[in-house]
Amino acid sequence: MPTLRIATRKSPLALWQSEHVAARLRVAHPGLEVVLVPMSTRGDEVLDRSLAAIGGKGLFLKELEIAMQRGEADCAVHSLKDVPMVLEPGFALPAILARADHADAFVSNRFEDLDALPQGAVVGTSSLRRQAQLRARRPDLVLRDLRGNVNTRLAKLDAGEYDAIVLACAGLSRLGFDERVRARLDAPAWLPAPAQGAIAIECRDDTPEVHEICLALDDDTTRICTEAERAMNRALHGSCHVPVAAFARREGTQLDLQGLVGSASDGRLVRAAAEGTSPEALGLEVAQRLLAQGARALIDAEVQ
């Protein structure tokens with residue numbers, strides 16, 4: 001296969017991630033030509049409504065999957081946290097790259113951290129998971145939706161529309177905005193989205209030569225940890241409609257998984273954790289512990 005075509009969204013972060021994957025693949029396979037096929041997705045185009053309202057994060061994948069089905073691209077690069085818990089039939093994830101920073105970032109031009117915000121401060125985020133944890137920690141804050149790419153969100157903060165915003169550390173770092181991170185919101189007190197910070201390559205499952213090329217970038221530890229997080233989310237029937245958070249660490253063969261389900265409307269949270277060696281079994285166990293504490297009622301309330 002002399003040329004590999006990577007379908008990608010056109011946002012600056014998506015392009016950075018795809019260029020990063022392309023560069024890594026060129027190093028792993030000298031002589032392979034790797035080209036990007038930039039595309040616009042409905043998730044990028046509709047910015048006046050929340051992702052949950054227009055169909056969820058799967059909107060970021062659909063057009064890229066259609067391009068692969070039509071033979072216009074060989075694979076696609078995604079933030080793994082945007083990939084649905086169950087892939088469309090006919091697709092696979094041959095590579096999950098080593099995870100970058102998993103944490104969320106508190107970003108503000110005037111305040112050092114979440115606790116330094118004055119009562120009634122305006123914080124921007126469209127993530128229900130972030131809203132639930134913000135309400136649990138600071139019920140006095142005013143939370144407002146914040147859509148658009150990373151540059152757009154930072155511009156809105158700089159224009160004074162928000163006192164602070166919450167973004168992913170990994171996205172800021174990849175775009176060269178490390179200095180904008182005022183404080184990291186980290187586990188165990190604050191949990192990220194399942195698979196946050198990890199990049200995945202998706203391809204059709206009937207293209208073994210593409211699988212073989214991409215496999216060179218697969219990171220075993222990241223795959224196992226994110227499998228546990230995604231298994232928990234899948235067992236809860238989680239999506240971007242539901243405030244679900246998860247983070248797994250690996251030490252040797254042992255995995256530690258922490259999970260959380262919350263309410264974006266009133267800040268109620270339930271938490272659970274467990275250890276094990278099987279990602280799928282561990283994800284299921286933590287999900288069952290969350291459900292035993294009333295997670296289903298929180299999930300059903302958000303889906304209404």
# chains A, B, ... in the order shown; residues from 1 in each chain; ligands from 1
call {"tool": "residues_around", "arguments": {"residues": "A:Cys214", "least_positions_apart": "6", "cutoff": "8 Å", "atoms": "only C-alpha atoms", "output": "ChimeraX atom specification"}}
result
/A:25,94-95,201
call {"tool": "write_last_selection", "arguments": {"atoms": "N, CA and C atoms", "output": "PDB file, in the first residue's frame"}}
result
ATOM      1  N   LEU A  25       3.198   7.522  11.528  1.00  0.00           N
ATOM      2  CA  LEU A  25       3.102   6.419  10.574  1.00  0.00           C
ATOM      3  C   LEU A  25       4.233   6.474   9.547  1.00  0.00           C
ATOM      4  N   PRO A  94      -7.949  -0.182  15.055  1.00  0.00           N
ATOM      5  CA  PRO A  94      -6.702  -0.952  15.071  1.00  0.00           C
ATOM      6  C   PRO A  94      -5.609  -0.350  15.942  1.00  0.00           C
ATOM      7  N   ALA A  95      -5.707   0.942  16.235  1.00  0.00           N
ATOM      8  CA  ALA A  95      -4.664   1.570  17.053  1.00  0.00           C
ATOM      9  C   ALA A  95      -5.248   2.625  17.975  1.00  0.00           C
ATOM     10  N   ILE A 201      -7.316   5.454  15.918  1.00  0.00           N
ATOM     11  CA  ILE A 201      -7.426   5.339  14.463  1.00  0.00           C
ATOM     12  C   ILE A 201      -8.536   4.338  14.167  1.00  0.00           C
TER      13      ILE A 201
END
call {"tool": "select_by_dssp", "arguments": {"residues": "stretch 100-271 of chain A", "states": "strand (DSSP E)", "output": "short mmCIF file (atom, residue, chain, number, x, y, z; two decimals) with all heavy atoms, in the first residue's frame"}}
result
data_model
loop_
_atom_site.label_atom_id
_atom_site.label_comp_id
_atom_site.auth_asym_id
_atom_site.auth_seq_id
_atom_site.Cartn_x
_atom_site.Cartn_y
_atom_site.Cartn_z
N ASP A 104 -8.82 17.50 33.02
CA ASP A 104 -9.46 18.72 32.54
C ASP A 104 -8.62 19.91 32.99
O ASP A 104 -7.85 19.82 33.95
CB ASP A 104 -10.88 18.86 33.10
CG ASP A 104 -11.91 18.11 32.26
OD1 ASP A 104 -11.65 17.87 31.06
OD2 ASP A 104 -12.98 17.76 32.80
N ALA A 105 -8.83 21.04 32.29
CA ALA A 105 -8.09 22.26 32.60
C ALA A 105 -9.05 23.37 33.02
O ALA A 105 -10.05 23.62 32.34
CB ALA A 105 -7.28 22.71 31.39
N PHE A 106 -8.74 24.01 34.14
CA PHE A 106 -9.43 25.24 34.53
C PHE A 106 -8.70 26.38 33.84
O PHE A 106 -7.49 26.56 34.04
CB PHE A 106 -9.39 25.40 36.05
CG PHE A 106 -9.95 26.71 36.55
CD1 PHE A 106 -11.31 26.86 36.79
CD2 PHE A 106 -9.11 27.80 36.77
CE1 PHE A 106 -11.83 28.07 37.25
CE2 PHE A 106 -9.63 29.01 37.22
CZ PHE A 106 -10.98 29.14 37.46
N VAL A 107 -9.43 27.15 33.03
CA VAL A 107 -8.81 28.22 32.25
C VAL A 107 -9.49 29.54 32.60
O VAL A 107 -10.72 29.67 32.48
CB VAL A 107 -8.95 27.95 30.73
CG1 VAL A 107 -8.23 29.03 29.92
CG2 VAL A 107 -8.38 26.58 30.38
N VAL A 122 -19.38 33.24 36.15
CA VAL A 122 -19.89 32.55 34.96
C VAL A 122 -18.81 31.62 34.40
O VAL A 122 -17.70 32.07 34.08
CB VAL A 122 -20.32 33.56 33.88
CG1 VAL A 122 -20.78 32.83 32.61
CG2 VAL A 122 -21.42 34.47 34.40
N VAL A 123 -19.14 30.34 34.31
CA VAL A 123 -18.20 29.34 33.81
C VAL A 123 -18.79 28.69 32.56
O VAL A 123 -19.96 28.32 32.54
CB VAL A 123 -17.90 28.25 34.87
CG1 VAL A 123 -16.93 27.21 34.30
CG2 VAL A 123 -17.31 28.89 36.12
N GLY A 124 -17.97 28.57 31.53
CA GLY A 124 -18.43 28.02 30.26
C GLY A 124 -18.03 26.58 30.05
O GLY A 124 -16.85 26.24 30.16
N VAL A 142 -22.65 30.19 37.90
CA VAL A 142 -23.57 30.25 36.77
C VAL A 142 -22.89 29.52 35.61
O VAL A 142 -21.82 29.94 35.14
CB VAL A 142 -23.88 31.71 36.37
CG1 VAL A 142 -24.76 31.74 35.12
CG2 VAL A 142 -24.54 32.45 37.52
N LEU A 143 -23.51 28.43 35.15
CA LEU A 143 -22.92 27.63 34.07
C LEU A 143 -23.60 27.97 32.75
O LEU A 143 -24.82 27.96 32.65
CB LEU A 143 -23.06 26.14 34.37
CG LEU A 143 -22.51 25.67 35.73
CD1 LEU A 143 -22.59 24.16 35.83
CD2 LEU A 143 -21.08 26.15 35.95
N ARG A 144 -22.77 28.25 31.73
CA ARG A 144 -23.30 28.59 30.41
C ARG A 144 -22.67 27.71 29.35
O ARG A 144 -21.49 27.36 29.44
CB ARG A 144 -23.04 30.07 30.08
CG ARG A 144 -23.86 31.02 30.92
CD ARG A 144 -23.93 32.40 30.33
NE ARG A 144 -24.62 33.30 31.25
CZ ARG A 144 -24.28 34.58 31.44
NH1 ARG A 144 -23.26 35.10 30.77
NH2 ARG A 144 -24.96 35.33 32.28
N ALA A 164 -14.44 31.98 33.57
CA ALA A 164 -13.55 30.83 33.41
C ALA A 164 -14.23 29.85 32.47
O ALA A 164 -15.46 29.88 32.28
CB ALA A 164 -13.28 30.16 34.75
N ILE A 165 -13.43 28.97 31.88
CA ILE A 165 -13.98 27.88 31.08
C ILE A 165 -13.22 26.60 31.45
O ILE A 165 -12.13 26.66 32.02
CB ILE A 165 -13.88 28.15 29.56
CG1 ILE A 165 -12.42 28.32 29.11
CG2 ILE A 165 -14.71 29.36 29.17
CD1 ILE A 165 -12.26 28.53 27.60
N VAL A 166 -13.81 25.46 31.13
CA VAL A 166 -13.16 24.18 31.39
C VAL A 166 -12.96 23.47 30.06
O VAL A 166 -13.91 23.28 29.29
CB VAL A 166 -13.99 23.30 32.35
CG1 VAL A 166 -13.27 21.98 32.60
CG2 VAL A 166 -14.24 24.03 33.67
N LEU A 167 -11.71 23.11 29.77
CA LEU A 167 -11.34 22.41 28.54
C LEU A 167 -10.49 21.19 28.91
O LEU A 167 -10.13 21.01 30.07
CB LEU A 167 -10.54 23.33 27.61
CG LEU A 167 -11.23 24.63 27.14
CD1 LEU A 167 -10.24 25.51 26.40
CD2 LEU A 167 -12.41 24.30 26.24
N ALA A 168 -10.12 20.40 27.92
CA ALA A 168 -9.23 19.26 28.16
C ALA A 168 -7.78 19.73 28.10
O ALA A 168 -7.40 20.45 27.18
CB ALA A 168 -9.47 18.17 27.12
N ALA A 183 -5.10 25.69 36.28
CA ALA A 183 -5.11 24.60 37.26
C ALA A 183 -5.63 23.34 36.58
O ALA A 183 -6.49 23.40 35.71
CB ALA A 183 -6.00 24.95 38.45
N ARG A 184 -5.06 22.19 36.97
CA ARG A 184 -5.53 20.91 36.47
C ARG A 184 -6.63 20.38 37.38
O ARG A 184 -6.51 20.43 38.60
CB ARG A 184 -4.39 19.89 36.38
CG ARG A 184 -3.36 20.21 35.32
CD ARG A 184 -2.17 19.26 35.37
NE ARG A 184 -2.47 17.95 34.78
CZ ARG A 184 -2.63 16.83 35.46
NH1 ARG A 184 -2.54 16.83 36.79
NH2 ARG A 184 -2.87 15.69 34.84
N LEU A 185 -7.70 19.91 36.77
CA LEU A 185 -8.79 19.26 37.51
C LEU A 185 -8.57 17.77 37.33
O LEU A 185 -8.78 17.22 36.24
CB LEU A 185 -10.14 19.70 36.94
CG LEU A 185 -10.41 21.21 37.03
CD1 LEU A 185 -11.62 21.61 36.20
CD2 LEU A 185 -10.61 21.62 38.48
N ILE A 199 -5.94 9.26 21.47
CA ILE A 199 -6.26 9.37 20.04
C ILE A 199 -6.42 7.96 19.48
O ILE A 199 -5.62 7.07 19.77
CB ILE A 199 -5.13 10.09 19.27
CG1 ILE A 199 -5.01 11.55 19.73
CG2 ILE A 199 -5.37 10.05 17.77
CD1 ILE A 199 -3.79 12.28 19.16
N ALA A 200 -7.46 7.76 18.67
CA ALA A 200 -7.71 6.45 18.07
C ALA A 200 -7.73 6.54 16.55
O ALA A 200 -8.11 7.58 15.99
CB ALA A 200 -9.05 5.88 18.56
N ILE A 201 -7.32 5.45 15.92
CA ILE A 201 -7.43 5.34 14.46
C ILE A 201 -8.54 4.34 14.17
O ILE A 201 -8.55 3.23 14.71
CB ILE A 201 -6.11 4.86 13.82
CG1 ILE A 201 -4.94 5.75 14.24
CG2 ILE A 201 -6.24 4.86 12.30
CD1 ILE A 201 -3.59 5.28 13.72
N GLU A 202 -9.48 4.73 13.33
CA GLU A 202 -10.59 3.87 12.93
C GLU A 202 -10.43 3.48 11.46
O GLU A 202 -10.00 4.31 10.64
CB GLU A 202 -11.91 4.61 13.12
CG GLU A 202 -13.14 3.76 12.77
CD GLU A 202 -14.45 4.55 12.84
OE1 GLU A 202 -14.41 5.79 12.67
OE2 GLU A 202 -15.50 3.92 13.02
N CYS A 203 -10.76 2.26 11.13
CA CYS A 203 -10.76 1.84 9.73
C CYS A 203 -11.85 0.79 9.52
O CYS A 203 -12.47 0.33 10.48
CB CYS A 203 -9.39 1.32 9.30
SG CYS A 203 -8.95 -0.28 10.01
N ARG A 204 -12.09 0.44 8.28
CA ARG A 204 -13.02 -0.65 8.00
C ARG A 204 -12.41 -1.95 8.47
O ARG A 204 -11.20 -2.14 8.41
CB ARG A 204 -13.31 -0.70 6.49
CG ARG A 204 -14.22 0.41 6.03
CD ARG A 204 -14.29 0.56 4.52
NE ARG A 204 -14.15 -0.69 3.78
CZ ARG A 204 -13.99 -0.74 2.45
NH1 ARG A 204 -13.93 0.38 1.75
NH2 ARG A 204 -13.87 -1.91 1.85
N VAL A 244 -21.26 11.07 32.61
CA VAL A 244 -20.50 9.90 33.06
C VAL A 244 -19.02 10.22 32.97
O VAL A 244 -18.56 10.79 31.97
CB VAL A 244 -20.84 8.67 32.19
CG1 VAL A 244 -19.91 7.50 32.53
CG2 VAL A 244 -22.29 8.26 32.37
N ALA A 245 -18.27 9.86 34.00
CA ALA A 245 -16.82 10.08 34.02
C ALA A 245 -16.13 8.80 34.45
O ALA A 245 -16.69 8.01 35.21
CB ALA A 245 -16.46 11.22 34.99
N ALA A 246 -14.92 8.58 33.95
CA ALA A 246 -14.18 7.37 34.32
C ALA A 246 -12.69 7.58 34.10
O ALA A 246 -12.29 8.27 33.16
CB ALA A 246 -14.66 6.18 33.50
N PHE A 247 -11.90 6.95 34.96
CA PHE A 247 -10.45 7.00 34.78
C PHE A 247 -9.82 5.74 35.34
O PHE A 247 -10.08 5.36 36.49
CB PHE A 247 -9.85 8.23 35.47
CG PHE A 247 -8.37 8.34 35.26
CD1 PHE A 247 -7.83 8.44 33.98
CD2 PHE A 247 -7.50 8.32 36.35
CE1 PHE A 247 -6.46 8.52 33.79
CE2 PHE A 247 -6.13 8.41 36.16
CZ PHE A 247 -5.61 8.50 34.87
N ALA A 248 -9.00 5.08 34.51
CA ALA A 248 -8.33 3.85 34.92
C ALA A 248 -6.82 4.04 34.91
O ALA A 248 -6.28 4.72 34.04
CB ALA A 248 -8.71 2.70 33.98
N ARG A 249 -6.17 3.43 35.89
CA ARG A 249 -4.70 3.39 35.94
C ARG A 249 -4.27 1.92 35.92
O ARG A 249 -4.98 1.06 36.43
CB ARG A 249 -4.16 4.05 37.22
CG ARG A 249 -4.45 5.52 37.36
CD ARG A 249 -3.82 6.04 38.65
NE ARG A 249 -4.29 7.36 39.00
CZ ARG A 249 -3.72 8.48 38.58
NH1 ARG A 249 -2.65 8.43 37.79
NH2 ARG A 249 -4.19 9.66 38.95
N ARG A 250 -3.09 1.68 35.38
CA ARG A 250 -2.57 0.32 35.30
C ARG A 250 -1.23 0.23 36.01
O ARG A 250 -0.34 1.07 35.78
CB ARG A 250 -2.39 -0.08 33.83
CG ARG A 250 -1.90 -1.50 33.61
CD ARG A 250 -1.55 -1.70 32.15
NE ARG A 250 -1.30 -3.10 31.81
CZ ARG A 250 -0.78 -3.49 30.65
NH1 ARG A 250 -0.48 -2.60 29.72
NH2 ARG A 250 -0.58 -4.78 30.41
N GLU A 251 -1.11 -0.76 36.87
CA GLU A 251 0.18 -1.06 37.50
C GLU A 251 0.43 -2.54 37.35
O GLU A 251 -0.24 -3.36 37.98
CB GLU A 251 0.17 -0.66 38.98
CG GLU A 251 0.20 0.85 39.20
CD GLU A 251 0.50 1.22 40.64
OE1 GLU A 251 1.04 0.36 41.36
OE2 GLU A 251 0.21 2.36 41.01
N GLN A 254 -2.46 -5.18 37.09
CA GLN A 254 -3.61 -4.71 37.87
C GLN A 254 -4.14 -3.38 37.34
O GLN A 254 -3.38 -2.46 37.04
CB GLN A 254 -3.20 -4.55 39.34
CG GLN A 254 -4.36 -4.47 40.32
CD GLN A 254 -5.03 -5.82 40.55
OE1 GLN A 254 -4.57 -6.84 40.07
NE2 GLN A 254 -6.12 -5.83 41.29
N LEU A 255 -5.46 -3.30 37.25
CA LEU A 255 -6.13 -2.07 36.84
C LEU A 255 -6.94 -1.51 37.99
O LEU A 255 -7.57 -2.26 38.73
CB LEU A 255 -7.09 -2.35 35.67
CG LEU A 255 -6.53 -2.52 34.27
CD1 LEU A 255 -7.65 -2.97 33.34
CD2 LEU A 255 -5.91 -1.22 33.77
N ASP A 256 -6.90 -0.19 38.14
CA ASP A 256 -7.74 0.50 39.12
C ASP A 256 -8.66 1.42 38.33
O ASP A 256 -8.19 2.27 37.56
CB ASP A 256 -6.88 1.31 40.09
CG ASP A 256 -7.73 2.23 40.94
OD1 ASP A 256 -8.42 1.74 41.84
OD2 ASP A 256 -7.72 3.47 40.68
N LEU A 257 -9.96 1.26 38.49
CA LEU A 257 -10.94 2.06 37.74
C LEU A 257 -11.82 2.84 38.69
O LEU A 257 -12.40 2.28 39.62
CB LEU A 257 -11.80 1.15 36.86
CG LEU A 257 -12.96 1.83 36.09
CD1 LEU A 257 -12.44 2.86 35.09
CD2 LEU A 257 -13.82 0.78 35.38
N GLN A 258 -11.91 4.15 38.46
CA GLN A 258 -12.81 5.02 39.21
C GLN A 258 -13.90 5.50 38.27
O GLN A 258 -13.61 5.88 37.12
CB GLN A 258 -12.05 6.22 39.77
CG GLN A 258 -10.91 5.86 40.69
CD GLN A 258 -10.08 7.08 41.02
OE1 GLN A 258 -10.57 7.99 41.68
NE2 GLN A 258 -8.85 7.11 40.56
N GLY A 259 -15.13 5.49 38.74
CA GLY A 259 -16.24 5.92 37.90
C GLY A 259 -17.17 6.88 38.63
O GLY A 259 -17.21 6.91 39.87
N LEU A 260 -17.91 7.65 37.85
CA LEU A 260 -18.80 8.66 38.42
C LEU A 260 -19.98 8.87 37.48
O LEU A 260 -19.82 8.88 36.27
CB LEU A 260 -18.03 9.97 38.61
CG LEU A 260 -18.71 11.25 39.07
CD1 LEU A 260 -17.69 12.14 39.78
CD2 LEU A 260 -19.31 12.04 37.90
N VAL A 261 -21.16 9.04 38.05
CA VAL A 261 -22.35 9.47 37.32
C VAL A 261 -22.92 10.65 38.09
O VAL A 261 -22.97 10.62 39.33
CB VAL A 261 -23.40 8.35 37.19
CG1 VAL A 261 -24.68 8.88 36.55
CG2 VAL A 261 -22.84 7.19 36.37
N GLY A 262 -23.35 11.68 37.36
CA GLY A 262 -23.83 12.87 38.06
C GLY A 262 -25.08 13.46 37.44
O GLY A 262 -25.58 12.98 36.42
N LEU A 269 -23.92 13.49 42.77
CA LEU A 269 -22.93 12.58 42.20
C LEU A 269 -22.96 11.24 42.91
O LEU A 269 -23.17 11.19 44.12
CB LEU A 269 -21.50 13.15 42.34
CG LEU A 269 -21.17 14.51 41.74
CD1 LEU A 269 -19.72 14.86 42.06
CD2 LEU A 269 -21.39 14.52 40.24
N VAL A 270 -22.74 10.17 42.15
CA VAL A 270 -22.46 8.87 42.77
C VAL A 270 -21.12 8.41 42.21
O VAL A 270 -20.82 8.60 41.04
CB VAL A 270 -23.57 7.83 42.50
CG1 VAL A 270 -24.85 8.24 43.20
CG2 VAL A 270 -23.81 7.62 41.02
N ARG A 271 -20.32 7.81 43.09
CA ARG A 271 -18.97 7.38 42.72
C ARG A 271 -18.77 5.92 43.09
O ARG A 271 -19.37 5.42 44.04
CB ARG A 271 -17.91 8.20 43.45
CG ARG A 271 -17.87 9.68 43.09
CD ARG A 271 -16.88 10.41 44.01
NE ARG A 271 -16.71 11.79 43.67
CZ ARG A 271 -15.78 12.26 42.84
NH1 ARG A 271 -14.93 11.40 42.26
NH2 ARG A 271 -15.68 13.54 42.57
#
call {"tool": "closest_residue", "arguments": {"among": "A:Val242, A:Leu114, A:Val181, A:Ala170", "to": "A:Ser127", "atoms": "only C-alpha atoms"}}
result
A:Val242
call {"tool": "closest_residue", "arguments": {"among": "A:Val35, A:Ala216, A:Val83, A:Leu298", "to": "A:Gly267", "atoms": "only C-alpha atoms"}}
result
A:Leu298
call {"tool": "residues_around", "arguments": {"residues": "stretch 87-93 of chain A", "least_positions_apart": "5", "cutoff": "12 Å", "atoms": "only C-alpha atoms", "output": "PyMOL selection string"}}
result
chain A and resi 58+61-62+64-66+68-69+74-80+82+199-208+210-212+214-215+217-218+223+227+230+234
call {"tool": "closest_residue", "arguments": {"among": "A:Arg26, A:Arg296, A:Arg135, A:Arg180", "to": "A:Ala235", "atoms": "only C-alpha atoms"}}
result
A:Arg296
call {"tool": "closest_residue", "arguments": {"among": "A:Leu146, A:Ala116, A:Leu36, A:Ala228", "to": "A:Lys10", "atoms": "only C-alpha atoms"}}
result
A:Leu36
call {"tool": "select_by_dssp", "arguments": {"residues": "stretch 95-266 of chain A", "states": "alpha helix (DSSP H)", "output": "ChimeraX atom specification"}}
result
/A:128-137,150-158,169-174,208-214,220-235
call {"tool": "atom_distance", "arguments": {"atom1": "atom CA of A:Cys169", "atom2": "atom CA of A:Ala100"}}
result
8.6 Å
